[in-house]
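Peer 1: I have a structure here, written as structure tokens, and I will follow up with some questions on it.
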Amino acid sequence: MTEENQDPLSRIKDEIVDSFDEELEMQLEEDRLDELVAEGLISEGEAALDRKIYFRELFRLQHELVRLQDWVQYKKLKVVVLFEGRDSAGKGGAIKRVTQRLNPRVCRVVALPAPTERERHQWYFQRYAAHLPTAGEMVLFDRSWYNRAGVERVMGFCSPEELEEFFRSVPDFERMLVRSGIILIKYWFSITDEEQEFRFNMRIQDPLKQWKLSPMDLQSRVHWEEYTKAKEEMLERTHIPEAPWWVVHAVDKKRARLNCIAHLLGQIHYESVPKPEIILPERMRNADYHRTPVPPEMYVPEIY
């Protein structure tokens, strides 16, 4: 049964479970999964089995992401991954799972705010080009230069002439990036009208997630059809052999994350990197060293 065919109470329950799983993912290691099943925290029922499979696959894929990260450093690769899609489509959740166990010095996320007055008068791609990777880096864009083809177009933040110039320029810009040695991968997260409405309503009801709803997000509900038309033209005019679009079915968030990570791993050939044995050195001890006590008033109160 798909998520959209579930009754409302089941869907709300699944959404709450998914939020709980997000916290588990940050703490859980693979060898702990069987213990949780044994303790009854993750049951063996049919629905729970899907969660168990999800966790196992997530850990396996994240292990491969660490290997990919090591390869990117070792081979001095430059990788750019764009995450685009409607508001609440799950881009941020997928990005979080990609970066969860990676070194932030190697794999970093770029999520730019609205342009400043100065940036609005720059060459359009200038503010994005400043965040491109150097050798040995991966950069994930949580929204990118395709803002112009989406929110800027629909909400009237750019003129028709600026939009047309964007469509003329972006294929050449991306070909230039690829010629410079950058591996460019573009994902569009696709959800239905009904699923977006459900996710927005869940955010409205959850005080911990209300910050995710901006006035612009709410306007995206009003302009659903305009965003659809904008997306269709964007994919048609910017799907080029050097940097094709990949569409992720994202109504089921867990499957979308796993599918996206698995696909990302398949876009870059990588191997295990030879590593020297790590030996912890002995601590140096000096006879004349005396540790200075910390004043009691400097300690954080132990409330818990």
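Labeling convention for the structure tokens: chains A, B, ... as they appear, residues from 1 per chain, ligands from 1 in order of appearance.
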Applying 9 Å and only C-alpha atoms, which residues near stretch 110-116 of chain A remain after dropping the ones on its own chain fewer than 5 positions away? List them as number ranges by chain.
Peer 2: A: 121, 127-128, 131, 139-144
Peer 1: Extract the full set of helix (DSSP H, G or I) residues from stretch 68-300 of chain A according to DSSP on the backbone, and format it as JSON, numbers by chain.
Peer 2: {"A": [68, 69, 70, 71, 72, 73, 74, 91, 92, 93, 94, 95, 96, 97, 98, 99, 117, 118, 119, 120, 126, 127, 128, 129, 145, 146, 147, 151, 152, 153, 154, 160, 161, 162, 163, 164, 165, 166, 167, 168, 169, 170, 171, 172, 173, 174, 175, 176, 177, 178, 179, 193, 194, 195, 196, 197, 198, 199, 200, 201, 202, 203, 204, 205, 210, 211, 212, 215, 216, 217, 218, 219, 220, 221, 222, 224, 225, 226, 227, 228, 229, 230, 231, 232, 233, 234, 235, 236, 237, 238, 253, 254, 255, 256, 257, 258, 259, 260, 261, 262, 263, 264, 265, 266, 296, 297, 298]}
Peer 1: Determine the nearest neighbour of A:Lys212 from the options A:Phe200, A:Tyr146, A:Phe189, A:Tyr270, counting only C-alpha atoms.
Peer 2: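 Closest candidate: A:Phe200.
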Peer 1: From a DSSP pass on the backbone, collect the residues of stretch 60-288 of chain A flagged as strand (DSSP E or B) and hand them back as an NGL selection string.
Peer 2: :A and (78-85 or 107-110 or 137-142 or 182-190 or 240 or 243 or 245-249)
Peer 1: For atom CA of A:Gln219 and atom CA of A:Cys158, quote the distance in Å rounded to one decimal.
Peer 2: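 Taking atom CA of A:Gln219 and atom CA of A:Cys158, their separation equals 16.7 Å.
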Peer 1: Applying 12 Å and only C-alpha atoms, which residues near A:Ala149 remain after dropping the ones on its own chain fewer than 6 positions away? List them as a PyMOL selection string.
Peer 2: chain A and resi 84-85+143+155-160+162-168+170+226-238
Peer 1: In Å, with one decimal, what is the gap from atom CA of A:Pro244 to atom CA of A:Phe59?
Peer 2: 27.8 Å
Peer 1: Which value, in Å to one decimal, gives the distance between atom CA of A:Lys186 and atom CA of A:Arg255?
Peer 2: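 A separation of 18.2 Å between them.
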Peer 1: A:Gly181, A:Gly92, A:Pro296, A:Gly150: which is nearest A:Lys75, counting only C-alpha atoms?
Peer 2: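 The closest residue to A:Lys75 is A:Gly181.
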Peer 1: Give the answer as one residue: which of A:Leu82, A:Leu68, A:Ile268, A:Ile204 has the shortest atom-to-atom distance to A:Asn147, using only C-alpha atoms?
Peer 2: A:Leu82
